[in-house]
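Q: This is the structure, below, for whatever I ask next.
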Amino acid sequence: MLSWSKGERNVQRITVFLISLFCSVCVAQERGDSELLWQRFQQPPADARPMMRWWWFGPAVEHQELDREIAAMKAGGFGGFEVQPVYALSTDDPSTGIVNTPYLSDPFLTALRHTSETARASGMRMDVTLGSGWPFGGPHIPITEAAAEIRRVELPLPAGAATIGLPFMEPGERAVALFLDEARVPVPKGATADVRPAARERKAYLFVAGRTGQQVKRAAVGAEGFVIDHISSAAVANHLTTVGDRLLSAFDGATKPYAMFSDSLESYGASWTDDLPQEFERRRGYDLLDHLPALFAEGSEGAAVRFDWARTLSELVDDRYLKPINAWANQRGTRFRAQVYGLPPPTLSSNALVDLPEGEGADWRRFNSTRWATSAAHIYERDVVSSETWTWLHSPSWAATPLDMKAEVDRHFLQGVNQIIGHGWPYSPPQVAEPGWAFYAAASFNDRNPWYPVMPTVTRYVHRVSAMLREGKPDSAVAIYLPTEDAFADMRPARASVNEEMRQRFQPNLVGQVLDAGQTFDFIDASAIVAGKLTHRLLILPGLNRIDPAAFERIAAWVDNGGLVIVTGALPGSAGGLMDGAAGAQRVQQLSRQLLESKQRVHVVPPESLGATLRSVLEPTVALASSNSAFGFIRRRLDNGYLYFIANTGQRPITTQARFAGDNGRGEWWDAVTGERESAGSGNIAVHLAPYESKLLVFVSGLDQLEPATEHRLSPMLDLSKGWRVQAKGISAPPPQPGTSWTDDPKLKHYSGSVTYQRSFALKKADLDNDARLLLDFGADTPLPDIRQDRPRALLEAPVRDAALVRVNGKDAGAVWMPPWRLDVTPLLRPGKNEVEVLVMNTAINTLSARPVSKRLLELRYGARFKEEDQDKLQPSPSGLLGPVTLIRAVK
């Protein structure tokens with residue numbers, strides 16, 4: 001038996017006390033962190049609010065209307081806007097007061113200054129597009145700074161011919177190389193070249209460095225002109241001075257724009273710049289002009305030359321466009337937000353050169369530019385990454401509903417986006433007939449939309465999720481290597497884009513197999529790997545022919561340190577271009593053989609076996625009991641746990657069980673629509689998601705122990721489908737009872753607006769049992785066929801068309817705009833008589849379907865600058881309460 005002295009017992013007591021105190025402090029700290037997280041969920045930071053792209057058409061803007069629209073954006077829950085001046089939608093009309101203000105004129109800058117002052121006073125963020133329309137350009141760009149191309153001209157040479165006639169050179173063009181019989185010959189200074197006659201017909205090829213001639217798309221009045229040469233230092237400097245500095249002159253130090261914006265690079269055919277031969281030789285070590293045929297035709301060295309040429313273009317985009325603009329913005333007290341993809345070809349790692357990378361594209365199960373941007377943001381530690389959202393949502397303009405908005409925004413969240421830039425908000429003069437102006441190819445979300453009163457509920461949801469997806473750090477176990485080297489090697493001057501090449505290079509369902517194996521992922525490229533950014537547990541090499549030798553060296557070292565690789569198809573056997581030479585290819589082949597020896601960590605499988613192999617070598621982050629391609633998730637690693645965003649991206653309910661990595665036994669479901677939470681339990685967690693429903697699942701230490709969530713038994717209590725008082729202002733016929741669309745009445749077929757449904761019902765005291773919840777139910781939805789859509793929308797026939805606000809006994813009960821189409825109204829009910837009021841709102845499509853718009857005079861004045869999209873779909877849409885209305889009793 002041990003005996004302790006008095007001193008030893010005191011030491012023991014002090015030690016126990018200190019350990020207890022330390023544990024108490026840790027628990028308190030964890031509890032404090034958890035409560036702060038919950039508080040940020042309830043009241044998220046203002047900078048996580050969604051923003052809107054604000055189109056100024058013409059621009060024909062007036063200060064009072066600018067102020068009114070800013071106030072409407074704020075009331076709708078938006079945290080700011082990006083001003084983008086675009087094409088006119090009206091000729092100047094003094095009789096109505098609509099006058100187009102030339103871009104960069106003094107009145108335009110005055111409107112910009114006024115807007116910035118109003119935004120600041122309203123607490124709204126303001127971004128400004130660094131130009132009008134897209135890509136950048138305008139009247140300040142001379143032909144010598146316009147987007148440049150290299151083109152091949154075929155010159156037939158009859159038998160016996162001793163001269164070659166050269167074509168006429170337009171301004172900005174010059175002949176840079178001439179080839180005959182596969183040999184380069186001097187380019188003559190005159191109009192003809194002397195050649196040695198031959199007895200056969202031949203072809204000479206002249207290579208002309210010229211201009212694409214592309215004009216700025218959708219330019220505002222006064223902003224028309226050539227698109228800039230994005231890889232010309234002179235052109236970019238000219239644009240920053242003439243346009244950028246002029247724009248910023250409208251702002252003082254206190255009201256500088258939060259960011260200046262560059263849209264995606266869409267400089268079609270851009271493939272050259274005046275000093276490309278010199279830059280190419282400096283960077284690649286040989287004369288590109290000796291190898292120009294390789295850019296257009298296959299040959300023994302074609303792919304290697306194209307690789308070196310495309311890589312040079314990419315480096316020049318970085319060095320002459322992205323870096324200078326970012327530096328220019330920072331020097332002037334603002335930031336650079338950019339969509340870093342397109343033509344000419346930035347790479348994924350080019351996103352590291354801008355303050356605020358941005359993507360676009362909602363197809364989360366395939367390669368797209370959103371995942372391109374978010375992957376770069378994750379890898380290069382950019383805390384905020386935005387996406388252009390709702391661009392083609394439920395086209396034509398004005399057809400989109402609140403549910404459509406959620407269905408698409410969730411697909412952006414699943415890719416890691418945490419700042420939504422809505423596309424968009426059309427400025428519209430108040431004197432223009434409802435619903436006013438709209439952009440040619442986008443949904444319209446301003447307050448002239450009939451269902452706009454529901455917008456604050458939608459934006460509150462977006463706000464909460466965006467804020468939570470900024471917590472902690474991204475946490476994907478898998479990286480997918482982008483075959484940029486193969487893309488470079490296969491590029492042609494007509495279409496030099498890395499991200500567009502990716503769409504063709506990924507094996508069918510590669511991304512889907514990774515997601516269905518219970519993993520999320522980031523794309524990664526050679527530059528990121530060389531920079532030491534490969535921190536994932538597993539790397540997928542998707543059937544590469546070429547790979548950067550330096551990146552491959554890093555991958556091999558990473559495997560030696562425990563990294564896992566899955567190769568679909570075969571390991572690469574070539575390096576990049578001619579500059580890498582035979583030595584580069586030999587090193588790649590040597591590394592491939594070395595990796596094949598690491599059989600426990602490197603798995604070479606057919607493309608269709610990727611998913612099964614991934615499951616066998618890496619524990620799923622989320623393991624569903626029954627797989628469902630509509631189920632998506634993304635995970636963030638917190639200091640004291642994990643946060644999941646999960647979503648049903650489909651039109652049918654999901655009911656299953658799942659195991660979540662990081663489950664600490666204290667999971668909670670947080671509902672970003674209602675702001676409520678409930679216990680999720682642990683282990684095999686029950687997952688119930690209505691169509692297009694989403695939730696946050698939080699596993700963090702220090703959460704309050706909530707009551708375990710239990711299923712409610714639902715039973716009808718009162719049928720409220722009849723006996724409504726139905727009314728609307730300014731219509732020629734009484735709206736119908738619930739269960740019938742307004743459009744069934746020919747007099748209401750083209751009505752867009754709102755209708756109020758009112759009725760009373762009685763309850764007994766016993767009906768208000770404390771253990772029961774009473775729900776106002778508006779009926780079930782019907783799923784539409786699951787088809788791939790170029791114009792995405794929620795594939796449901798909804799019972800509420802298209803949104804409703806509900807009041808019970810004079811108090812707000814909430815909004816109805818998404819499944820399961822019901823509201824908990826228990827706290828608002830009372831024994832005796834109860835009064836319910838439902839304000840139902842549809843879209844503006846019904847009104848527009850009766851009013852075709854003529855652009856004849858507009859196009860005669862300014863030319864055809866846009867084409868209205870999907871006008872064949874401009875049909876009246878069912879509206880109103882289309883399903884039965886029932887009071888439902890829910891009991892645990």
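If you're wondering about the labels, chains in the structure tokens are A, B, ... by order shown, residues count from 1 in each chain, ligands from 1 in order shown.
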Counting only C-alpha atoms, what is within 9 Å of Pro508 in chain A, bar same-chain residues fewer than 2 positions away, as a ChimeraX atom specification?

A: /A:366,505-506,510-512,607-608

Q: Where does DSSP see strand (DSSP E or B) in range 275-500 of chain A, if you list the residues as a compact mmCIF listing (two decimals) with N, CA and C atoms, in the first residue's frame?

A:
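The file below, selection-v5.txt, is the result:
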```txt
# COMPACT_ATOMS: atom_id res chain seq x y z
N PHE A 336 -8.82 43.71 -57.48
CA PHE A 336 -9.11 43.20 -58.81
C PHE A 336 -9.88 41.90 -58.66
N ARG A 337 -11.12 41.88 -59.13
CA ARG A 337 -11.94 40.66 -59.17
C ARG A 337 -12.03 40.24 -60.63
N ALA A 338 -11.73 38.97 -60.90
CA ALA A 338 -11.61 38.57 -62.29
C ALA A 338 -12.05 37.14 -62.51
N GLN A 339 -12.67 36.92 -63.66
CA GLN A 339 -12.93 35.58 -64.16
C GLN A 339 -11.73 35.19 -65.01
N GLY A 342 -10.54 31.53 -70.33
CA GLY A 342 -11.01 31.93 -71.65
C GLY A 342 -9.91 32.01 -72.67
N LEU A 343 -10.05 32.98 -73.59
CA LEU A 343 -9.14 33.16 -74.71
C LEU A 343 -8.64 34.60 -74.73
N LEU A 356 -9.35 38.59 -56.15
CA LEU A 356 -10.65 37.95 -55.96
C LEU A 356 -10.99 37.11 -57.20
N PRO A 357 -10.65 35.82 -57.18
CA PRO A 357 -11.00 34.98 -58.34
C PRO A 357 -12.49 34.70 -58.40
N GLU A 358 -12.99 34.52 -59.61
CA GLU A 358 -14.43 34.28 -59.80
C GLU A 358 -14.64 33.24 -60.90
N GLY A 359 -15.71 32.44 -60.73
CA GLY A 359 -16.06 31.45 -61.74
C GLY A 359 -17.46 31.68 -62.26
N GLU A 360 -17.91 30.75 -63.09
CA GLU A 360 -19.29 30.71 -63.55
C GLU A 360 -19.58 29.29 -64.03
N SER A 386 -15.88 34.03 -55.60
CA SER A 386 -17.23 34.35 -56.07
C SER A 386 -17.56 33.58 -57.34
N SER A 387 -18.84 33.64 -57.69
CA SER A 387 -19.27 33.07 -58.97
C SER A 387 -20.38 33.92 -59.56
N GLU A 388 -20.33 34.05 -60.86
CA GLU A 388 -21.43 34.65 -61.61
C GLU A 388 -22.55 33.62 -61.65
N THR A 389 -23.68 33.95 -61.07
CA THR A 389 -24.73 32.97 -60.84
C THR A 389 -26.03 33.40 -61.52
N GLN A 419 -19.28 33.53 -52.27
CA GLN A 419 -19.75 34.89 -52.58
C GLN A 419 -20.55 34.82 -53.87
N ILE A 420 -21.82 35.13 -53.79
CA ILE A 420 -22.69 35.03 -54.96
C ILE A 420 -22.80 36.40 -55.63
N ILE A 421 -22.54 36.43 -56.94
CA ILE A 421 -22.74 37.61 -57.76
C ILE A 421 -23.91 37.31 -58.69
N GLY A 422 -25.07 37.84 -58.37
CA GLY A 422 -26.26 37.53 -59.16
C GLY A 422 -26.25 38.19 -60.52
N HIS A 423 -26.73 37.49 -61.49
CA HIS A 423 -26.72 37.93 -62.89
C HIS A 423 -28.16 37.88 -63.38
N GLY A 424 -28.96 38.97 -63.17
CA GLY A 424 -28.51 40.18 -62.57
C GLY A 424 -29.71 41.11 -62.35
N TRP A 425 -29.36 42.38 -62.20
CA TRP A 425 -30.34 43.43 -61.86
C TRP A 425 -30.37 44.44 -63.00
N PRO A 426 -31.42 44.50 -63.80
CA PRO A 426 -31.48 45.49 -64.89
C PRO A 426 -32.00 46.84 -64.39
N LYS A 473 -11.46 26.07 -43.05
CA LYS A 473 -10.67 25.87 -44.27
C LYS A 473 -11.32 24.82 -45.15
N PRO A 474 -11.13 24.91 -46.47
CA PRO A 474 -11.64 23.85 -47.35
C PRO A 474 -10.97 22.53 -47.01
N VAL A 478 -9.12 14.79 -52.16
CA VAL A 478 -8.74 14.38 -53.52
C VAL A 478 -8.39 15.60 -54.36
N ALA A 479 -7.36 15.46 -55.17
CA ALA A 479 -7.02 16.46 -56.19
C ALA A 479 -7.04 15.78 -57.55
N ILE A 480 -7.53 16.49 -58.56
CA ILE A 480 -7.54 15.98 -59.93
C ILE A 480 -6.60 16.84 -60.76
N TYR A 481 -5.62 16.21 -61.36
CA TYR A 481 -4.63 16.94 -62.16
C TYR A 481 -5.25 17.38 -63.48
N ARG A 492 -5.08 25.17 -81.22
CA ARG A 492 -4.91 25.77 -82.54
C ARG A 492 -5.18 27.27 -82.41
N ARG A 495 -8.73 28.68 -81.50
CA ARG A 495 -9.39 28.47 -80.20
C ARG A 495 -8.34 28.12 -79.17
```

Q: Please identify all polymer residues within 12 Å of range 581-585 of chain A, counting only C-alpha atoms, omitting same-chain residues fewer than 6 positions from it, and present them as a PyMOL selection string.

A: chain A and resi 284-286+301+304-305+308+545-553+572-575+591-592

Q: Which residue is closest to Arg830 in chain A? Choose from A:Lys855, A:Gly681, A:Lys765, A:Val61 and count only C-alpha atoms.

A: A:Lys765

Q: Quick one: residues within 7 Å of Tyr427 in chain A, only C-alpha atoms counted, chain neighbours fewer than 2 positions away excluded, as an mmCIF file with N, CA, C and O atoms, in the first residue's frame?

A:
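That gives us part_34.cif:
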```cif
data_model
loop_
_atom_site.group_PDB
_atom_site.id
_atom_site.type_symbol
_atom_site.label_atom_id
_atom_site.label_comp_id
_atom_site.auth_asym_id
_atom_site.auth_seq_id
_atom_site.Cartn_x
_atom_site.Cartn_y
_atom_site.Cartn_z
ATOM 1 N N TRP A 54 -25.325 44.942 -61.887
ATOM 2 C CA TRP A 54 -26.319 45.984 -62.170
ATOM 3 C C TRP A 54 -26.043 46.530 -63.558
ATOM 4 O O TRP A 54 -25.075 47.244 -63.794
ATOM 5 N N TRP A 55 -26.913 46.180 -64.511
ATOM 6 C CA TRP A 55 -26.725 46.643 -65.884
ATOM 7 C C TRP A 55 -27.293 48.042 -66.050
ATOM 8 O O TRP A 55 -28.466 48.288 -65.753
ATOM 9 N N TRP A 56 -26.440 48.936 -66.537
ATOM 10 C CA TRP A 56 -26.869 50.279 -66.903
ATOM 11 C C TRP A 56 -26.971 50.310 -68.426
ATOM 12 O O TRP A 56 -25.958 50.347 -69.126
ATOM 13 N N PHE A 57 -28.184 50.298 -68.935
ATOM 14 C CA PHE A 57 -28.398 50.234 -70.378
ATOM 15 C C PHE A 57 -28.290 51.626 -70.984
ATOM 16 O O PHE A 57 -28.986 52.554 -70.587
ATOM 17 N N TRP A 425 -29.362 42.378 -62.200
ATOM 18 C CA TRP A 425 -30.335 43.429 -61.865
ATOM 19 C C TRP A 425 -30.368 44.444 -63.003
ATOM 20 O O TRP A 425 -29.437 45.239 -63.179
ATOM 21 N N PRO A 429 -35.729 52.685 -66.387
ATOM 22 C CA PRO A 429 -36.382 53.964 -66.097
ATOM 23 C C PRO A 429 -37.816 53.734 -65.623
ATOM 24 O O PRO A 429 -38.504 52.841 -66.125
ATOM 25 N N TRP A 437 -36.957 47.130 -68.422
ATOM 26 C CA TRP A 437 -35.876 46.599 -69.244
ATOM 27 C C TRP A 437 -35.311 45.312 -68.656
ATOM 28 O O TRP A 437 -35.418 45.062 -67.454
#
```

Q: Give me the residues near Glu859 in chain A as a PyMOL selection string, where near means some atom within 10 Å (using only C-alpha atoms) and where sequence neighbours in that chain fewer than 6 positions away do not count.

A: chain A and resi 88-91+865-866

Q: Would you please work out which residue, of A:Met169, A:Arg464, A:Ala148, A:Arg503, is nearest to Asp47 in chain A when using only C-alpha atoms?

A: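 Of all the options, A:Arg464 lies closest to Asp47 in chain A.
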
Q: List the spatial neighbours of Ser476 in chain A as a short mmCIF file (atom, residue, chain, number, x, y, z; two decimals) with N, CA, C and O atoms, in the first residue's frame - criterion: any atom at most 7 Å away, only C-alpha atoms, same-chain residues fewer than 3 positions off excluded.

A:
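As written to disk, result11.cif reads:
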```cif
data_model
loop_
_atom_site.label_atom_id
_atom_site.label_comp_id
_atom_site.auth_asym_id
_atom_site.auth_seq_id
_atom_site.Cartn_x
_atom_site.Cartn_y
_atom_site.Cartn_z
N THR A 520 -15.05 14.92 -52.07
CA THR A 520 -15.00 16.18 -52.82
C THR A 520 -13.57 16.36 -53.29
O THR A 520 -12.67 15.61 -52.90
N PHE A 521 -13.32 17.36 -54.12
CA PHE A 521 -12.01 17.44 -54.76
C PHE A 521 -11.70 18.87 -55.15
O PHE A 521 -12.57 19.74 -55.20
N ASP A 522 -10.43 19.10 -55.45
CA ASP A 522 -9.96 20.32 -56.10
C ASP A 522 -9.24 19.92 -57.38
O ASP A 522 -8.56 18.88 -57.42
N HIS A 536 -3.26 17.32 -50.60
CA HIS A 536 -4.36 16.37 -50.53
C HIS A 536 -3.82 14.96 -50.24
O HIS A 536 -2.62 14.72 -50.29
#
```

Q: So which one's closest to Asp363 in chain A, A:Leu696, A:Ala175, A:Val409, A:Leu289? Using only C-alpha atoms, please.

A: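 Of A:Leu696, A:Ala175, A:Val409, A:Leu289, the one nearest Asp363 in chain A is A:Val409, counting only C-alpha atoms.
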
Q: Would you return as a compact mmCIF listing (two decimals) with N, CA and C atoms, in the first residue's frame the members of range 329-534 of chain A that DSSP assigns to alpha helix (DSSP H) on this structure's backbone?

A:
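Result saved to states_15.txt:
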```txt
# COMPACT_ATOMS: atom_id res chain seq x y z
N ALA A 329 -4.85 48.18 -59.64
CA ALA A 329 -5.96 48.32 -58.71
C ALA A 329 -5.47 48.53 -57.28
N ASN A 330 -4.49 47.74 -56.86
CA ASN A 330 -3.99 47.86 -55.49
C ASN A 330 -3.34 49.21 -55.24
N GLN A 331 -2.62 49.72 -56.23
CA GLN A 331 -1.98 51.03 -56.08
C GLN A 331 -3.00 52.16 -55.94
N SER A 369 -16.01 26.20 -65.09
CA SER A 369 -15.14 27.30 -64.67
C SER A 369 -15.36 27.71 -63.22
N THR A 370 -16.47 27.29 -62.63
CA THR A 370 -16.65 27.56 -61.20
C THR A 370 -15.67 26.75 -60.37
N ARG A 371 -15.63 25.43 -60.62
CA ARG A 371 -14.70 24.59 -59.86
C ARG A 371 -13.25 24.98 -60.16
N TRP A 372 -12.98 25.43 -61.36
CA TRP A 372 -11.65 25.94 -61.73
C TRP A 372 -11.26 27.08 -60.79
N ALA A 373 -12.18 28.04 -60.59
CA ALA A 373 -11.88 29.19 -59.74
C ALA A 373 -11.80 28.80 -58.27
N THR A 374 -12.75 27.98 -57.79
CA THR A 374 -12.74 27.62 -56.37
C THR A 374 -11.54 26.75 -56.03
N SER A 375 -11.15 25.88 -56.94
CA SER A 375 -9.96 25.06 -56.68
C SER A 375 -8.73 25.93 -56.50
N ALA A 376 -8.57 26.90 -57.39
CA ALA A 376 -7.43 27.81 -57.27
C ALA A 376 -7.50 28.59 -55.96
N ALA A 377 -8.71 29.04 -55.59
CA ALA A 377 -8.87 29.77 -54.33
C ALA A 377 -8.49 28.90 -53.14
N HIS A 378 -8.90 27.64 -53.15
CA HIS A 378 -8.56 26.73 -52.06
C HIS A 378 -7.05 26.49 -52.01
N ILE A 379 -6.47 26.23 -53.16
CA ILE A 379 -5.04 25.88 -53.21
C ILE A 379 -4.17 27.07 -52.83
N PRO A 402 -38.11 31.99 -57.29
CA PRO A 402 -37.21 31.82 -56.14
C PRO A 402 -36.65 30.41 -56.02
N LEU A 403 -37.46 29.40 -56.30
CA LEU A 403 -36.94 28.04 -56.24
C LEU A 403 -35.88 27.80 -57.30
N ASP A 404 -36.05 28.35 -58.50
CA ASP A 404 -35.00 28.25 -59.52
C ASP A 404 -33.70 28.83 -58.99
N MET A 405 -33.79 29.98 -58.32
CA MET A 405 -32.59 30.63 -57.78
C MET A 405 -31.87 29.70 -56.81
N LYS A 406 -32.63 29.09 -55.90
CA LYS A 406 -32.00 28.22 -54.91
C LYS A 406 -31.41 26.97 -55.56
N ALA A 407 -32.15 26.39 -56.51
CA ALA A 407 -31.67 25.18 -57.15
C ALA A 407 -30.30 25.41 -57.79
N GLU A 408 -30.11 26.57 -58.41
CA GLU A 408 -28.81 26.83 -59.03
C GLU A 408 -27.76 27.26 -58.03
N VAL A 409 -28.12 28.12 -57.08
CA VAL A 409 -27.10 28.63 -56.17
C VAL A 409 -26.50 27.49 -55.35
N ASP A 410 -27.30 26.47 -55.01
CA ASP A 410 -26.77 25.34 -54.26
C ASP A 410 -25.69 24.61 -55.04
N ARG A 411 -25.82 24.57 -56.34
CA ARG A 411 -24.80 23.89 -57.17
C ARG A 411 -23.50 24.68 -57.21
N HIS A 412 -23.58 25.96 -57.00
CA HIS A 412 -22.37 26.76 -56.84
C HIS A 412 -21.76 26.54 -55.46
N PHE A 413 -22.60 26.51 -54.43
CA PHE A 413 -22.09 26.24 -53.08
C PHE A 413 -21.38 24.89 -53.03
N MET A 455 -38.04 38.02 -51.99
CA MET A 455 -36.59 38.01 -52.16
C MET A 455 -35.82 38.03 -50.84
N PRO A 456 -36.22 38.78 -49.81
CA PRO A 456 -35.44 38.77 -48.57
C PRO A 456 -35.29 37.38 -47.95
N THR A 457 -36.29 36.53 -48.14
CA THR A 457 -36.18 35.16 -47.62
C THR A 457 -35.13 34.37 -48.41
N VAL A 458 -35.09 34.58 -49.72
CA VAL A 458 -34.11 33.89 -50.56
C VAL A 458 -32.70 34.37 -50.23
N THR A 459 -32.52 35.68 -50.15
CA THR A 459 -31.17 36.21 -49.90
C THR A 459 -30.70 35.90 -48.49
N ARG A 460 -31.63 35.79 -47.52
CA ARG A 460 -31.23 35.42 -46.17
C ARG A 460 -30.62 34.01 -46.18
N TYR A 461 -31.23 33.12 -46.96
CA TYR A 461 -30.67 31.77 -47.11
C TYR A 461 -29.27 31.82 -47.73
N VAL A 462 -29.14 32.55 -48.83
CA VAL A 462 -27.84 32.65 -49.51
C VAL A 462 -26.80 33.26 -48.58
N HIS A 463 -27.21 34.28 -47.83
CA HIS A 463 -26.32 34.97 -46.90
C HIS A 463 -25.77 34.00 -45.85
N ARG A 464 -26.66 33.22 -45.24
CA ARG A 464 -26.23 32.29 -44.19
C ARG A 464 -25.26 31.24 -44.71
N VAL A 465 -25.60 30.64 -45.84
CA VAL A 465 -24.72 29.59 -46.37
C VAL A 465 -23.38 30.18 -46.80
N SER A 466 -23.39 31.34 -47.47
CA SER A 466 -22.13 31.97 -47.88
C SER A 466 -21.24 32.22 -46.67
N ALA A 467 -21.82 32.71 -45.59
CA ALA A 467 -21.03 32.99 -44.39
C ALA A 467 -20.45 31.72 -43.80
N MET A 468 -21.24 30.65 -43.73
CA MET A 468 -20.74 29.40 -43.15
C MET A 468 -19.65 28.77 -44.02
N THR A 484 -3.24 20.24 -68.51
CA THR A 484 -2.94 21.49 -69.19
C THR A 484 -1.89 21.29 -70.28
N GLU A 485 -0.91 20.44 -70.01
CA GLU A 485 0.14 20.21 -71.00
C GLU A 485 -0.44 19.61 -72.28
N ASP A 486 -1.36 18.66 -72.15
CA ASP A 486 -2.00 18.10 -73.34
C ASP A 486 -2.87 19.15 -74.03
N ALA A 487 -3.52 19.99 -73.25
CA ALA A 487 -4.34 21.06 -73.84
C ALA A 487 -3.47 22.01 -74.65
N PHE A 488 -2.34 22.42 -74.08
CA PHE A 488 -1.42 23.28 -74.83
C PHE A 488 -1.01 22.63 -76.15
N ALA A 489 -0.68 21.34 -76.10
CA ALA A 489 -0.16 20.65 -77.29
C ALA A 489 -1.20 20.51 -78.39
N ASP A 490 -2.47 20.51 -78.02
CA ASP A 490 -3.52 20.32 -79.01
C ASP A 490 -4.20 21.61 -79.44
N VAL A 498 -7.43 27.04 -72.38
CA VAL A 498 -7.16 25.87 -71.54
C VAL A 498 -8.47 25.33 -70.98
N ASN A 499 -9.28 26.18 -70.38
CA ASN A 499 -10.48 25.67 -69.72
C ASN A 499 -11.46 25.03 -70.70
N GLU A 500 -11.54 25.55 -71.92
CA GLU A 500 -12.43 24.93 -72.89
C GLU A 500 -11.88 23.59 -73.37
N GLU A 501 -10.57 23.46 -73.45
CA GLU A 501 -9.96 22.17 -73.77
C GLU A 501 -10.28 21.13 -72.71
N MET A 502 -10.36 21.56 -71.45
CA MET A 502 -10.62 20.61 -70.37
C MET A 502 -11.96 19.90 -70.56
N ARG A 503 -12.94 20.62 -71.06
CA ARG A 503 -14.27 20.02 -71.23
C ARG A 503 -14.20 18.79 -72.15
N GLN A 504 -13.27 18.81 -73.10
CA GLN A 504 -13.15 17.71 -74.04
C GLN A 504 -12.24 16.59 -73.52
N ARG A 505 -11.43 16.89 -72.52
CA ARG A 505 -10.37 15.96 -72.14
C ARG A 505 -10.73 15.05 -70.99
N LEU A 510 -15.86 11.25 -65.09
CA LEU A 510 -14.74 11.22 -64.16
C LEU A 510 -15.09 11.96 -62.88
N VAL A 511 -15.60 13.18 -63.01
CA VAL A 511 -15.96 13.94 -61.82
C VAL A 511 -17.08 13.24 -61.06
N GLY A 512 -18.06 12.72 -61.78
CA GLY A 512 -19.16 12.03 -61.14
C GLY A 512 -18.71 10.82 -60.33
N GLN A 513 -17.73 10.08 -60.83
CA GLN A 513 -17.23 8.92 -60.09
C GLN A 513 -16.57 9.34 -58.78
N VAL A 514 -15.86 10.45 -58.79
CA VAL A 514 -15.22 10.93 -57.56
C VAL A 514 -16.29 11.33 -56.55
N LEU A 515 -17.30 12.06 -57.00
CA LEU A 515 -18.37 12.49 -56.10
C LEU A 515 -19.16 11.31 -55.57
N ASP A 516 -19.47 10.36 -56.44
CA ASP A 516 -20.25 9.20 -56.01
C ASP A 516 -19.46 8.27 -55.10
N ALA A 526 0.19 21.91 -62.86
CA ALA A 526 1.62 21.74 -62.65
C ALA A 526 2.20 22.88 -61.82
N SER A 527 1.81 24.11 -62.11
CA SER A 527 2.38 25.25 -61.39
C SER A 527 2.08 25.16 -59.90
N ALA A 528 0.87 24.75 -59.56
CA ALA A 528 0.51 24.63 -58.15
C ALA A 528 1.31 23.53 -57.47
N ILE A 529 1.53 22.43 -58.16
CA ILE A 529 2.30 21.33 -57.57
C ILE A 529 3.75 21.74 -57.38
N VAL A 530 4.33 22.42 -58.37
CA VAL A 530 5.71 22.89 -58.23
C VAL A 530 5.82 23.88 -57.07
```

Q: Mind checking which residues fall within 12 Å of Ser715 in chain A, counting only C-alpha atoms, ignoring those fewer than 5 positions away in the same chain, and posting them as a short mmCIF file (atom, residue, chain, number, x, y, z; two decimals) with N, CA and C atoms, in the first residue's frame?

A:
```cif
data_model
loop_
_atom_site.label_atom_id
_atom_site.label_comp_id
_atom_site.auth_asym_id
_atom_site.auth_seq_id
_atom_site.Cartn_x
_atom_site.Cartn_y
_atom_site.Cartn_z
N ALA A 772 -48.44 19.00 -30.27
CA ALA A 772 -48.66 18.93 -31.71
C ALA A 772 -48.25 20.25 -32.36
N ARG A 773 -47.82 20.13 -33.61
CA ARG A 773 -47.56 21.31 -34.43
C ARG A 773 -48.62 21.36 -35.53
N LEU A 774 -49.08 22.55 -35.84
CA LEU A 774 -50.08 22.72 -36.89
C LEU A 774 -49.44 23.41 -38.08
N LEU A 775 -49.54 22.79 -39.22
CA LEU A 775 -48.86 23.24 -40.44
C LEU A 775 -49.89 23.61 -41.49
N LEU A 776 -49.65 24.73 -42.15
CA LEU A 776 -50.47 25.12 -43.29
C LEU A 776 -49.81 24.56 -44.54
N ASP A 777 -50.47 23.62 -45.18
CA ASP A 777 -49.90 22.87 -46.30
C ASP A 777 -50.59 23.26 -47.60
N THR A 886 -54.45 22.71 -46.86
CA THR A 886 -54.86 21.87 -45.74
C THR A 886 -54.14 22.31 -44.48
N LEU A 887 -54.86 22.29 -43.36
CA LEU A 887 -54.21 22.44 -42.06
C LEU A 887 -53.86 21.04 -41.57
N ILE A 888 -52.58 20.81 -41.34
CA ILE A 888 -52.07 19.48 -41.01
C ILE A 888 -51.60 19.45 -39.57
N ARG A 889 -51.85 18.35 -38.91
CA ARG A 889 -51.41 18.14 -37.54
C ARG A 889 -50.17 17.26 -37.56
N ALA A 890 -49.11 17.71 -36.91
CA ALA A 890 -47.85 16.96 -36.84
C ALA A 890 -47.57 16.59 -35.39
N VAL A 891 -47.46 15.28 -35.12
CA VAL A 891 -47.24 14.79 -33.76
C VAL A 891 -46.02 13.90 -33.75
N LYS A 892 -45.15 14.05 -32.73
CA LYS A 892 -43.96 13.21 -32.63
C LYS A 892 -44.34 11.77 -32.33
#
```
